[in-house]
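The structure file model27.cif is reproduced below (mmCIF, C-alpha atoms).
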```cif
data_structure
#
loop_
_atom_site.label_atom_id
_atom_site.label_comp_id
_atom_site.auth_asym_id
_atom_site.auth_seq_id
_atom_site.Cartn_x
_atom_site.Cartn_y
_atom_site.Cartn_z
CA MET A 38 9.73 -3.60 25.43
CA ARG A 39 7.61 -3.06 22.33
CA ILE A 40 8.69 -0.57 19.67
CA ALA A 41 6.72 0.71 16.68
CA LEU A 42 8.56 1.86 13.56
CA GLY A 43 7.47 3.86 10.53
CA LEU A 44 9.06 2.68 7.28
CA GLU A 45 9.21 3.73 3.69
CA TYR A 46 10.57 1.62 0.85
CA GLU A 47 10.87 1.38 -2.90
CA GLY A 48 9.68 -2.13 -3.62
CA SER A 49 10.88 -2.88 -7.16
CA GLY A 50 13.90 -4.85 -5.94
CA PHE A 51 11.98 -7.06 -3.51
CA CYS A 52 9.67 -10.07 -3.76
CA GLY A 53 7.22 -8.24 -1.50
CA TRP A 54 7.03 -7.51 2.22
CA GLN A 55 6.67 -11.03 3.62
CA SER A 56 9.68 -13.30 4.11
CA GLN A 57 10.00 -16.10 1.56
CA ALA A 58 12.04 -19.28 1.65
CA GLY A 59 14.54 -17.88 -0.84
CA GLY A 60 14.86 -14.47 0.83
CA GLY A 61 14.59 -11.16 -1.01
CA ALA A 62 11.73 -9.65 1.01
CA VAL A 63 11.54 -6.26 2.69
CA GLN A 64 10.85 -8.04 5.97
CA ASP A 65 14.16 -9.91 5.65
CA VAL A 66 16.32 -6.79 5.42
CA VAL A 67 14.40 -4.98 8.17
CA GLU A 68 14.73 -7.88 10.58
CA ALA A 69 18.42 -8.33 9.75
CA ALA A 70 19.15 -4.65 10.44
CA LEU A 71 17.13 -4.65 13.67
CA SER A 72 18.89 -7.80 14.84
CA ILE A 73 22.28 -6.12 14.45
CA VAL A 74 21.23 -3.09 16.51
CA ALA A 75 19.47 -5.23 19.12
CA ASP A 76 22.33 -7.74 19.16
CA SER A 77 19.77 -10.56 19.10
CA PRO A 78 17.33 -12.09 16.56
CA THR A 79 14.41 -9.70 16.07
CA ARG A 80 11.12 -10.33 14.28
CA VAL A 81 8.62 -7.72 13.12
CA VAL A 82 4.88 -7.60 12.44
CA CYS A 83 3.63 -5.18 9.77
CA ALA A 84 0.38 -3.28 9.36
CA GLY A 85 -0.16 -4.42 5.78
CA ARG A 86 1.78 -6.82 3.57
CA THR A 87 2.74 -5.55 0.12
CA ASP A 88 3.33 -7.60 -3.04
CA ALA A 89 6.40 -7.74 -5.25
CA GLY A 90 7.11 -4.35 -6.81
CA VAL A 91 4.77 -2.43 -4.49
CA HIS A 92 6.15 0.51 -2.52
CA ALA A 93 5.37 2.03 0.89
CA LEU A 94 5.15 5.65 1.94
CA ALA A 95 4.15 4.83 5.51
CA GLN A 96 4.38 1.21 6.55
CA VAL A 97 4.12 0.56 10.31
CA VAL A 98 5.69 -2.41 12.10
CA HIS A 99 6.20 -3.43 15.70
CA PHE A 100 8.78 -5.63 17.39
CA ASP A 101 9.70 -6.72 20.90
CA SER A 102 13.21 -6.43 22.29
CA GLU A 103 14.96 -6.60 25.63
CA ALA A 104 17.74 -4.40 24.26
CA LEU A 105 17.78 -0.94 25.84
CA ARG A 106 18.51 1.51 23.04
CA PRO A 107 17.65 5.18 22.54
CA LEU A 108 14.93 5.70 19.94
CA THR A 109 17.51 7.30 17.67
CA ALA A 110 19.31 3.94 17.48
CA TRP A 111 16.17 2.31 16.13
CA VAL A 112 16.12 4.97 13.41
CA ARG A 113 19.64 6.03 12.41
CA GLY A 114 21.29 2.87 13.67
CA VAL A 115 18.92 0.59 11.79
CA ASN A 116 19.10 2.76 8.67
CA ALA A 117 22.87 2.31 8.63
CA HIS A 118 22.31 -1.41 8.04
CA LEU A 119 19.44 -1.16 5.52
CA PRO A 120 19.73 -0.99 1.73
CA ALA A 121 19.26 2.46 0.21
CA SER A 122 15.70 1.62 -0.91
CA VAL A 123 14.43 1.05 2.65
CA ALA A 124 14.42 3.58 5.49
CA VAL A 125 13.07 3.89 9.01
CA ARG A 126 11.35 7.27 9.42
CA TRP A 127 10.49 7.16 13.11
CA ALA A 128 10.52 4.94 16.20
CA GLN A 129 8.27 5.04 19.23
CA THR A 130 7.80 2.99 22.37
CA VAL A 131 4.30 1.51 22.65
CA GLY A 132 2.46 -0.67 25.16
CA ASP A 133 2.45 -4.43 24.85
CA GLU A 134 -1.21 -4.32 23.80
CA PHE A 135 -0.33 -2.44 20.60
CA HIS A 136 -0.30 -4.54 17.44
CA ALA A 137 0.72 -3.04 14.10
CA ARG A 138 -1.88 -5.10 12.23
CA PHE A 139 -4.72 -5.76 14.65
CA SER A 140 -4.72 -2.28 16.22
CA ALA A 141 -5.17 -0.66 12.80
CA ARG A 142 -8.59 0.91 12.16
CA GLY A 143 -7.98 1.57 8.48
CA ARG A 144 -5.40 1.53 5.72
CA ARG A 145 -4.68 3.79 2.77
CA TYR A 146 -3.27 3.09 -0.67
CA ARG A 147 -2.25 5.42 -3.47
CA TYR A 148 -1.77 4.46 -7.11
CA LEU A 149 0.20 6.67 -9.50
CA LEU A 150 -0.53 6.24 -13.21
CA LEU A 151 1.43 8.07 -15.89
CA ASN A 152 -0.98 8.84 -18.73
CA ARG A 153 0.97 9.91 -21.80
CA ALA A 154 2.03 8.38 -25.09
CA GLU A 155 5.64 7.85 -24.03
CA ARG A 156 6.65 5.29 -21.41
CA PRO A 157 8.20 6.55 -18.16
CA GLY A 158 11.93 7.02 -17.85
CA LEU A 159 12.67 8.97 -14.68
CA MET A 160 9.70 7.38 -12.90
CA ALA A 161 10.23 3.86 -14.26
CA ARG A 162 9.22 1.22 -11.68
CA ARG A 163 7.54 3.94 -9.60
CA VAL A 164 4.41 4.59 -11.67
CA GLY A 165 2.02 2.57 -13.76
CA TRP A 166 1.64 3.64 -17.39
CA PHE A 167 -1.17 3.86 -19.92
CA HIS A 168 -0.46 5.35 -23.35
CA ARG A 169 -3.96 6.35 -24.53
CA PRO A 170 -5.79 9.43 -23.14
CA LEU A 171 -7.96 8.69 -20.10
CA ASP A 172 -11.06 10.57 -18.94
CA ALA A 173 -10.32 11.32 -15.27
CA ASP A 174 -13.81 12.71 -14.65
CA ALA A 175 -15.47 9.49 -15.85
CA MET A 176 -13.07 7.46 -13.72
CA ALA A 177 -13.83 9.58 -10.65
CA ALA A 178 -17.57 9.14 -11.21
CA ALA A 179 -17.11 5.37 -11.49
CA ALA A 180 -14.99 5.24 -8.33
CA ARG A 181 -17.77 6.86 -6.30
CA LEU A 182 -20.06 3.92 -7.13
CA VAL A 183 -18.00 1.50 -5.05
CA LEU A 184 -17.87 3.59 -1.87
CA GLY A 185 -19.37 2.04 1.24
CA GLU A 186 -19.58 -1.48 2.60
CA HIS A 187 -19.79 -4.09 -0.15
CA ASP A 188 -18.80 -7.58 -1.20
CA PHE A 189 -15.71 -6.86 -3.32
CA SER A 190 -15.40 -10.36 -4.83
CA ALA A 191 -15.23 -8.85 -8.33
CA PHE A 192 -11.96 -7.17 -7.35
CA ARG A 193 -10.46 -10.00 -5.31
CA ALA A 194 -7.49 -12.12 -6.37
CA VAL A 195 -8.09 -15.86 -6.64
CA GLU A 196 -5.36 -16.53 -4.08
CA CYS A 197 -6.80 -14.06 -1.55
CA GLN A 198 -6.92 -15.58 1.94
CA ALA A 199 -9.23 -13.04 3.59
CA LYS A 200 -12.03 -14.63 5.59
CA SER A 201 -14.65 -12.32 4.07
CA PRO A 202 -14.84 -10.31 0.80
CA VAL A 203 -16.95 -7.66 2.54
CA LYS A 204 -15.01 -4.45 3.19
CA MET A 205 -15.85 -0.83 4.00
CA LEU A 206 -14.36 1.45 1.33
CA ARG A 207 -14.32 4.96 2.78
CA ARG A 208 -12.45 6.76 0.02
CA ALA A 209 -12.04 6.21 -3.72
CA ASP A 210 -10.75 9.33 -5.48
CA VAL A 211 -9.24 9.91 -8.91
CA ALA A 212 -7.53 13.19 -9.76
CA ARG A 213 -5.37 14.37 -12.65
CA HIS A 214 -2.13 16.30 -12.09
CA GLY A 215 -0.79 16.98 -15.57
CA ASP A 216 0.18 13.63 -17.08
CA LEU A 217 -0.20 11.89 -13.72
CA LEU A 218 -3.42 10.30 -12.52
CA VAL A 219 -3.56 9.82 -8.74
CA PHE A 220 -5.89 7.23 -7.22
CA ASP A 221 -6.49 7.33 -3.46
CA PHE A 222 -8.24 4.53 -1.60
CA GLU A 223 -9.01 4.16 2.10
CA ALA A 224 -10.74 1.18 3.71
CA SER A 225 -11.07 -0.79 6.90
CA ALA A 226 -8.94 -3.42 5.16
CA PHE A 227 -8.23 -4.51 1.59
CA LEU A 228 -8.47 -7.80 -0.26
CA HIS A 229 -5.48 -9.19 -2.14
CA HIS A 230 -4.99 -7.17 -5.35
CA MET A 231 -8.15 -5.19 -4.61
CA VAL A 232 -6.63 -1.78 -5.39
CA ARG A 233 -4.86 -2.94 -8.55
CA ASN A 234 -8.06 -4.60 -9.75
CA LEU A 235 -10.05 -1.44 -9.08
CA VAL A 236 -7.48 0.62 -10.99
CA GLY A 237 -7.65 -1.82 -13.90
CA ALA A 238 -11.43 -1.46 -14.08
CA LEU A 239 -11.23 2.32 -13.80
CA VAL A 240 -8.76 2.44 -16.70
CA TYR A 241 -11.30 0.57 -18.85
CA VAL A 242 -13.83 3.29 -17.98
CA GLY A 243 -11.30 6.04 -18.62
CA LYS A 244 -10.44 4.80 -22.11
CA GLY A 245 -14.13 4.62 -23.02
CA ALA A 246 -14.56 0.84 -23.13
CA HIS A 247 -17.37 1.04 -20.54
CA PRO A 248 -19.49 3.78 -18.92
CA PRO A 249 -18.95 4.66 -15.24
CA SER A 250 -22.00 2.58 -14.29
CA TRP A 251 -20.05 -0.55 -15.28
CA LEU A 252 -18.14 -0.44 -12.02
CA GLY A 253 -21.38 -0.66 -10.08
CA GLU A 254 -22.45 -3.60 -12.24
CA LEU A 255 -19.17 -5.40 -11.58
CA LEU A 256 -19.53 -4.81 -7.86
CA ALA A 257 -23.08 -6.19 -7.81
CA GLY A 258 -22.15 -9.18 -9.98
CA ARG A 259 -19.33 -10.31 -7.65
CA ASP A 260 -17.66 -12.10 -10.57
CA ARG A 261 -13.92 -11.54 -10.94
CA ALA A 262 -13.97 -13.07 -14.44
CA ARG A 263 -16.12 -10.18 -15.76
CA ALA A 264 -13.76 -7.45 -14.52
CA ALA A 265 -10.62 -5.96 -16.05
CA PRO A 266 -7.14 -7.49 -15.70
CA THR A 267 -5.07 -6.69 -12.62
CA PHE A 268 -3.05 -3.53 -13.22
CA GLU A 269 0.74 -3.54 -12.82
CA ALA A 270 2.23 -3.32 -9.33
CA CYS A 271 4.84 -0.62 -9.83
CA GLY A 272 2.47 2.33 -9.37
CA LEU A 273 1.04 1.13 -6.05
CA TYR A 274 2.01 2.65 -2.69
CA PHE A 275 0.97 1.59 0.80
CA ALA A 276 0.19 5.13 1.93
CA GLY A 277 -0.65 4.89 5.61
CA VAL A 278 -2.41 3.30 8.55
CA ASP A 279 -5.02 4.73 10.90
CA TYR A 280 -4.75 4.01 14.63
CA ASP A 281 -6.55 5.26 17.69
CA PRO A 282 -5.02 8.64 18.68
CA VAL A 283 -4.20 7.15 22.07
CA TRP A 284 -1.11 5.60 20.49
CA GLN A 285 0.16 9.02 19.33
CA LEU A 286 1.92 7.52 16.34
CA ARG A 287 3.33 9.75 13.62
CA VAL A 288 1.35 8.21 10.81
CA GLY A 289 -0.16 11.31 9.20
CA ALA A 290 2.40 14.02 8.57
CA GLY A 291 3.50 14.02 4.95
CA ASP A 292 2.80 10.34 4.42
CA THR A 293 0.64 10.80 1.32
CA ALA A 294 2.46 13.69 -0.32
CA LEU A 295 2.33 13.50 -4.12
CA ILE A 296 5.26 11.86 -5.83
CA LEU A 297 5.79 13.76 -9.06
CA PRO A 298 8.27 13.19 -11.90
#
```
How would this structure read if it were set down as C-alpha cells?
Amino acid sequence: MRIALGLEYEGSGFCGWQSQAGGGAVQDVVEAALSIVADSPTRVVCAGRTDAGVHALAQVVHFDSEALRPLTAWVRGVNAHLPASVAVRWAQTVGDEFHARFSARGRRYRYLLLNRAERPGLMARRVGWFHRPLDADAMAAAARLVLGEHDFSAFRAVECQAKSPVKMLRRADVARHGDLLVFDFEASAFLHHMVRNLVGALVYVGKGAHPPSWLGELLAGRDRARAAPTFEACGLYFAGVDYDPVWQLRVGAGDTALILP
C-alpha cells in the first residue's frame, strides 16, 4: 500500500531534508517515526529536498508499507514519535503510480525577509534579515523580468545536479507587510539555491545598488559570478506542491498562509 503524507517542519535544527552519513536530517526522523508505527523499516520519497536551515509549510512524501493502519495512525501516531519541530498534517492512500517527486507538476517557495534596523528576536532562524530600507516596488518590478521559461544559470549553485538550467518560472512576487517582505515563487522545478540567489539579487535592487533591469541582464548573461551572493537559508520555506487533481491531495488549504512576527 502506498501512502502520501503532508509535512511541515522548522528546519533550523537539521542538516536539510536528505539523509546524511552522520544523521541529523529531516528524512531521518520521519523514517524513524514511520518505522515505529509500521513496525518495519520504512523509507520515504519527498517532493522537494530542502537545504540546512530551510523550513517547509507543505512538504509531500510517499512511502510503501504492508502494515494495515488507519490513516489517523499515520498522522497522530507518527507525530507522537517526531521531534516538536516536525509534524505530519495529513495522510492519504494513493495508487502505486503516484510519486511524490515525479508526479509533481510544480513547486512553490516563499521567502520571508525582515527589513528593519534591528535584528530579529522572536522570528530568529525563521526569517532572513536586512537592516537597510528596501524598495519593494523596485524589487517587484525586477522580479517580473525573470518570469517565463529561461536558462537560470545565473541563479544556479555550482554544486547543482539538475540536468538542465532551463526552468519555467510561473510566479515571482514581492510584497511588503509592515517590516516583512514576502517573496513568492512558483515554477515547474527549481535549481539548487535558485530562490535564495534570486532573493539576493532582488535585495541588491531594493537597496539601490542596481536598477530593476539588472535582473534581466543577469538572466541573459547566464553568469553566476556576476550575480549577488546567495541569501541566508533561514527565511526560506518550501510552500507547496502542485499535483493533478485526480490525486485529491490536500496540498492547497492554508499551506502558504503568512507567517508574521
**Request:** Would you mind reading off the distance between atom CA of A:His168 and atom CA of A:Leu273, one decimal, in Å?
**Result:**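 Between atom CA of A:His168 and atom CA of A:Leu273 the gap works out to 17.9 Å.
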Taking the file as shown, what set of residues would the PyMOL selection byres ((chain A and resi 243-252) around 8) give back, as a CSV table (one decimal) with C-alpha atoms, in the coordinates of the input?
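Written file, selection_9.csv:
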```csv
chain,number,residue,atom,x,y,z
A,169,ARG,CA,-4.0,6.4,-24.5
A,170,PRO,CA,-5.8,9.4,-23.1
A,171,LEU,CA,-8.0,8.7,-20.1
A,172,ASP,CA,-11.1,10.6,-18.9
A,173,ALA,CA,-10.3,11.3,-15.3
A,175,ALA,CA,-15.5,9.5,-15.8
A,176,MET,CA,-13.1,7.5,-13.7
A,178,ALA,CA,-17.6,9.1,-11.2
A,179,ALA,CA,-17.1,5.4,-11.5
A,180,ALA,CA,-15.0,5.2,-8.3
A,182,LEU,CA,-20.1,3.9,-7.1
A,183,VAL,CA,-18.0,1.5,-5.0
A,238,ALA,CA,-11.4,-1.5,-14.1
A,239,LEU,CA,-11.2,2.3,-13.8
A,240,VAL,CA,-8.8,2.4,-16.7
A,241,TYR,CA,-11.3,0.6,-18.8
A,242,VAL,CA,-13.8,3.3,-18.0
A,253,GLY,CA,-21.4,-0.7,-10.1
A,254,GLU,CA,-22.4,-3.6,-12.2
A,255,LEU,CA,-19.2,-5.4,-11.6
A,256,LEU,CA,-19.5,-4.8,-7.9
```
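One finds atom CA of A:Phe167 at 27.6 Å from atom CA of A:Val123.
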**Prompt:** Restricting the calculation to only C-alpha atoms, which member of A:Leu217, A:Leu150, A:Val74, A:Leu235 is positioned closest to A:Pro107?
**Reply:**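 Checking each of A:Leu217, A:Leu150, A:Val74, A:Leu235 against A:Pro107, counting only C-alpha atoms, the winner is A:Val74.
Between atom CA of A:Cys83 and atom CA of A:Arg138 the interatomic distance comes to 6.0 Å.
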Step by step, work through what the PyMOL selection byres ((chain A and resi 276) around 10) selects in the shown file, and finish by giving those residues as a short mmCIF file (atom, residue, chain, number, x, y, z; two decimals) with C-alpha atoms, in the frame of the given file.
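Output below, filename out-v9.cif:
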```cif
data_model
loop_
_atom_site.label_atom_id
_atom_site.label_comp_id
_atom_site.auth_asym_id
_atom_site.auth_seq_id
_atom_site.Cartn_x
_atom_site.Cartn_y
_atom_site.Cartn_z
CA GLU A 45 9.21 3.73 3.69
CA HIS A 92 6.15 0.51 -2.52
CA ALA A 93 5.37 2.03 0.89
CA LEU A 94 5.15 5.65 1.94
CA ALA A 95 4.15 4.83 5.51
CA GLN A 96 4.38 1.21 6.55
CA ARG A 144 -5.40 1.53 5.72
CA ARG A 145 -4.68 3.79 2.77
CA TYR A 146 -3.27 3.09 -0.67
CA ARG A 147 -2.25 5.42 -3.47
CA TYR A 148 -1.77 4.46 -7.11
CA ASP A 221 -6.49 7.33 -3.46
CA PHE A 222 -8.24 4.53 -1.60
CA GLU A 223 -9.01 4.16 2.10
CA LEU A 273 1.04 1.13 -6.05
CA TYR A 274 2.01 2.65 -2.69
CA PHE A 275 0.97 1.59 0.80
CA GLY A 277 -0.65 4.89 5.61
CA VAL A 278 -2.41 3.30 8.55
CA VAL A 288 1.35 8.21 10.81
CA GLY A 289 -0.16 11.31 9.20
CA GLY A 291 3.50 14.02 4.95
CA ASP A 292 2.80 10.34 4.42
CA THR A 293 0.64 10.80 1.32
CA ALA A 294 2.46 13.69 -0.32
#
```
**Residues in the PyMOL selection byres ((chain A and resi 184) around 7), expressed as number ranges by chain** = A: 181-183, 185-186, 206-209
**Request:** Rank nothing, just name the residue among A:Ala264, A:Thr109, A:Val219, A:Leu71 nearest to A:Gly165, using all atoms listed in the file.
**Result:**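 Closest to A:Gly165 of all the choices is A:Val219.
Within 9 Å of the point (5.7, -0.8, -6.8), counting only C-alpha atoms, the protein and nucleic acid residues come to Glu47, Gly48, Ser49, Thr87, Asp88, Ala89, Gly90, Val91, His92, Ala93, Arg162, Arg163, Val164, Gly165, Glu269, Ala270, Cys271, Gly272, Leu273 and Tyr274 of chain A.
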Keeping only C-alpha atoms, write those residues as a PDB file, keeping the file's coordinate frame.
```
ATOM      1  CA  GLU A  47      10.870   1.380  -2.900  1.00  0.00           C
ATOM      2  CA  GLY A  48       9.680  -2.130  -3.620  1.00  0.00           C
ATOM      3  CA  SER A  49      10.880  -2.880  -7.160  1.00  0.00           C
ATOM      4  CA  THR A  87       2.740  -5.550   0.120  1.00  0.00           C
ATOM      5  CA  ASP A  88       3.330  -7.600  -3.040  1.00  0.00           C
ATOM      6  CA  ALA A  89       6.400  -7.740  -5.250  1.00  0.00           C
ATOM      7  CA  GLY A  90       7.110  -4.350  -6.810  1.00  0.00           C
ATOM      8  CA  VAL A  91       4.770  -2.430  -4.490  1.00  0.00           C
ATOM      9  CA  HIS A  92       6.150   0.510  -2.520  1.00  0.00           C
ATOM     10  CA  ALA A  93       5.370   2.030   0.890  1.00  0.00           C
ATOM     11  CA  ARG A 162       9.220   1.220 -11.680  1.00  0.00           C
ATOM     12  CA  ARG A 163       7.540   3.940  -9.600  1.00  0.00           C
ATOM     13  CA  VAL A 164       4.410   4.590 -11.670  1.00  0.00           C
ATOM     14  CA  GLY A 165       2.020   2.570 -13.760  1.00  0.00           C
ATOM     15  CA  GLU A 269       0.740  -3.540 -12.820  1.00  0.00           C
ATOM     16  CA  ALA A 270       2.230  -3.320  -9.330  1.00  0.00           C
ATOM     17  CA  CYS A 271       4.840  -0.620  -9.830  1.00  0.00           C
ATOM     18  CA  GLY A 272       2.470   2.330  -9.370  1.00  0.00           C
ATOM     19  CA  LEU A 273       1.040   1.130  -6.050  1.00  0.00           C
ATOM     20  CA  TYR A 274       2.010   2.650  -2.690  1.00  0.00           C
TER      21      TYR A 274
END
```
**Request:** Rank A:Gly215, A:Ala128, A:Ala137, A:Arg263 by their smallest atom-to-atom distance to A:Asn152, using all atoms listed in the file, and report the top residue only.
**Result:**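 Closest residue, counting all atoms listed in the file: A:Gly215.
Using only C-alpha atoms, the smallest distance between any of A:Arg156, A:Arg233, A:Ala177, A:Gly61 and A:Leu218 comes from A:Ala177.
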**Request:** Find the residues around A:Tyr280 up to 9 Å (only C-alpha atoms counted), leave out those fewer than 5 positions away in its own chain, and share them as a PyMOL selection string.
**Result:** chain A and resi 137+140-143+285-286+288
